[in-house]
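S.K.: There's a structure below that I have some questions on.
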Amino acid sequence: MTDVAFYHLQRLPLEHVLPKLLEKTLQAGKRAVVVAGSEERVEALNALLWTYEPDSWLPHGSSRDGNAERQPIWLTTKDEVPNGATFLFLTDGATSDSLAAFDRCFDLFDGNDESAVAAARGRWSACKQAGHNLTYWQQTAAGKWERKA
């Protein structure tokens, strides 16, 4: 089964957390698919991954860029894996019917939005029922991650 990690974003926004997790993904020699809730979010993430730090960038692409099979990080709104990724990042409440095809899944949700938290609880229950290995991470006051479950 897939290792599914739920990231409860309370102190730092997705735009700060996602690039760091993607850096670690690439450092581990893995490929990733990032599923966003809208094309506008895909474009915002596309720009972010070029500019999130002055001395860094993450190699990535989206349908607008093409050549999916050559992209270590693929940004999309679809439930697809055109780049052979083994890591899946779900944002904006996105879901996937293909969780079992991945080694790891990262479900990042806005902990300051009650509806996003409720939806994440529903995804947690569905993943648990499907037999996936679940972990829950919450940001501490210092901005670090603490495993809660």
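In the structure tokens, chains take the letters A, B, ... in the order shown, each chain's residues start at 1, and ligands count up from 1 in the order shown.
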Can you tell me which residues surround segment 11-16 of chain A at a distance of at most 8 Å, considering only C-alpha atoms, apart from same-chain residues fewer than 3 positions away, and format the answer as an MDAnalysis selection string?
M.R.: chainID A and resid 19:20 45 48 52 108:110 139:141 143
S.K.: If you run DSSP on the backbone here, which positions in chain A get helix (DSSP H, G or I)? Please write them as a ChimeraX atom specification.
M.R.: /A:14-27,39-51,68-70,99-101,114-129
S.K.: If you run DSSP on the backbone here, which positions in segment 19-144 of chain A get strand (DSSP E or B)? Please write them as an mmCIF file with C-alpha atoms, in the first residue's frame.
M.R.:
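As a result, result04.cif now contains:
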```
data_model
loop_
_atom_site.group_PDB
_atom_site.id
_atom_site.type_symbol
_atom_site.label_atom_id
_atom_site.label_comp_id
_atom_site.auth_asym_id
_atom_site.auth_seq_id
_atom_site.Cartn_x
_atom_site.Cartn_y
_atom_site.Cartn_z
ATOM 1 C CA ALA A 32 6.628 13.745 -8.651
ATOM 2 C CA VAL A 33 3.189 14.665 -9.905
ATOM 3 C CA VAL A 34 1.567 17.689 -8.264
ATOM 4 C CA VAL A 35 -2.215 17.843 -8.668
ATOM 5 C CA GLU A 53 14.478 31.127 -3.769
ATOM 6 C CA SER A 56 17.282 27.682 -6.598
ATOM 7 C CA GLY A 61 6.659 21.322 -16.366
ATOM 8 C CA SER A 62 2.965 21.248 -17.138
ATOM 9 C CA ILE A 73 8.032 17.281 -11.529
ATOM 10 C CA TRP A 74 4.723 17.421 -13.414
ATOM 11 C CA LEU A 75 2.082 20.027 -12.502
ATOM 12 C CA THR A 76 -1.492 19.189 -13.465
ATOM 13 C CA PHE A 87 5.461 10.455 -5.513
ATOM 14 C CA LEU A 88 2.096 12.231 -5.647
ATOM 15 C CA PHE A 89 1.349 15.661 -4.170
ATOM 16 C CA LEU A 90 -2.308 16.587 -3.729
ATOM 17 C CA ARG A 104 4.178 7.988 -1.445
ATOM 18 C CA CYS A 105 1.415 10.559 -1.454
ATOM 19 C CA PHE A 106 1.512 13.961 0.224
ATOM 20 C CA ASP A 107 -1.885 15.523 0.932
ATOM 21 C CA LEU A 108 -1.311 19.188 1.760
ATOM 22 C CA PHE A 109 -4.313 21.087 3.111
ATOM 23 C CA ASP A 110 -5.029 24.515 4.581
ATOM 24 C CA ASN A 133 -0.231 3.603 5.568
ATOM 25 C CA LEU A 134 -1.139 7.002 7.031
ATOM 26 C CA THR A 135 0.795 9.708 8.852
ATOM 27 C CA TYR A 136 -0.358 13.133 9.981
ATOM 28 C CA TRP A 137 2.028 16.082 10.208
ATOM 29 C CA GLN A 138 1.255 19.394 11.887
ATOM 30 C CA GLN A 139 3.306 22.585 11.980
#
```
S.K.: Would you pick out the contacts of Gly37 of chain A at 10 Å or less, using only C-alpha atoms, so that residues sharing its chain but fewer than 3 positions from it are not included, and give the list as a PyMOL selection string?
M.R.: chain A and resi 40-42+76-78+90-95
S.K.: Write out as an MDAnalysis selection string which residues come within 10 Å of Asp103 of chain A when counting only C-alpha atoms, dropping same-chain ones fewer than 5 positions away.
M.R.: chainID A and resid 1:4 30 85:88
S.K.: Excluding same-chain residues fewer than 2 positions from segment 79-83 of chain A, what lies within 6 Å of it counting only C-alpha atoms, as a ChimeraX atom specification?
M.R.: /A:68-69,85,96
S.K.: Restrict the selected residues to C-alpha atoms and save them as a PDB file, in the first residue's frame.
M.R.:
```
ATOM      1  CA  ALA A  68       5.850  15.253 -19.709  1.00  0.00           C
ATOM      2  CA  GLU A  69       8.050  12.167 -19.817  1.00  0.00           C
ATOM      3  CA  ALA A  85       6.367   9.583 -10.967  1.00  0.00           C
ATOM      4  CA  SER A  96      -6.650  10.594  -6.983  1.00  0.00           C
TER       5      SER A  96
END
```
S.K.: Just how far from atom CA of Glu146 of chain A is atom CA of Gln27 of chain A, in Å to one decimal?
M.R.: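 Computing the Euclidean distance for atom CA of Gln27 of chain A and atom CA of Glu146 of chain A yields 21.5 Å.
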S.K.: Calculated over only C-alpha atoms, which of the candidates A:Pro72, A:Trp57, A:Phe6, A:Lys148 has the smallest distance to Gly122 of chain A?
M.R.: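 Checking each of A:Pro72, A:Trp57, A:Phe6, A:Lys148 against Gly122 of chain A, counting only C-alpha atoms, the winner is A:Phe6.
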S.K.: Name the residues in contact with Asn112 of chain A at a cut-off of 8 Å, using only C-alpha atoms, excluding same-chain residues fewer than 2 positions from it; report them as a PDB file with N, CA and C atoms, in the first residue's frame.
M.R.:
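around14.pdb written:
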```
ATOM      1  N   LEU A   9      -1.356  22.421   7.046  1.00  0.00           N
ATOM      2  CA  LEU A   9      -0.678  23.706   6.909  1.00  0.00           C
ATOM      3  C   LEU A   9      -1.393  24.759   7.747  1.00  0.00           C
ATOM      4  N   GLN A  10      -0.713  25.232   8.786  1.00  0.00           N
ATOM      5  CA  GLN A  10      -1.314  26.238   9.651  1.00  0.00           C
ATOM      6  C   GLN A  10      -0.492  27.520   9.700  1.00  0.00           C
ATOM      7  N   ASP A 110      -5.016  23.274   3.817  1.00  0.00           N
ATOM      8  CA  ASP A 110      -5.029  24.515   4.581  1.00  0.00           C
ATOM      9  C   ASP A 110      -5.721  24.292   5.920  1.00  0.00           C
ATOM     10  N   GLU A 114     -11.792  25.719   7.648  1.00  0.00           N
ATOM     11  CA  GLU A 114     -12.564  24.624   8.252  1.00  0.00           C
ATOM     12  C   GLU A 114     -13.083  23.627   7.221  1.00  0.00           C
ATOM     13  N   VAL A 117     -10.197  21.387   6.199  1.00  0.00           N
ATOM     14  CA  VAL A 117      -9.894  20.416   7.259  1.00  0.00           C
ATOM     15  C   VAL A 117     -10.923  19.287   7.242  1.00  0.00           C
TER      16      VAL A 117
END
```
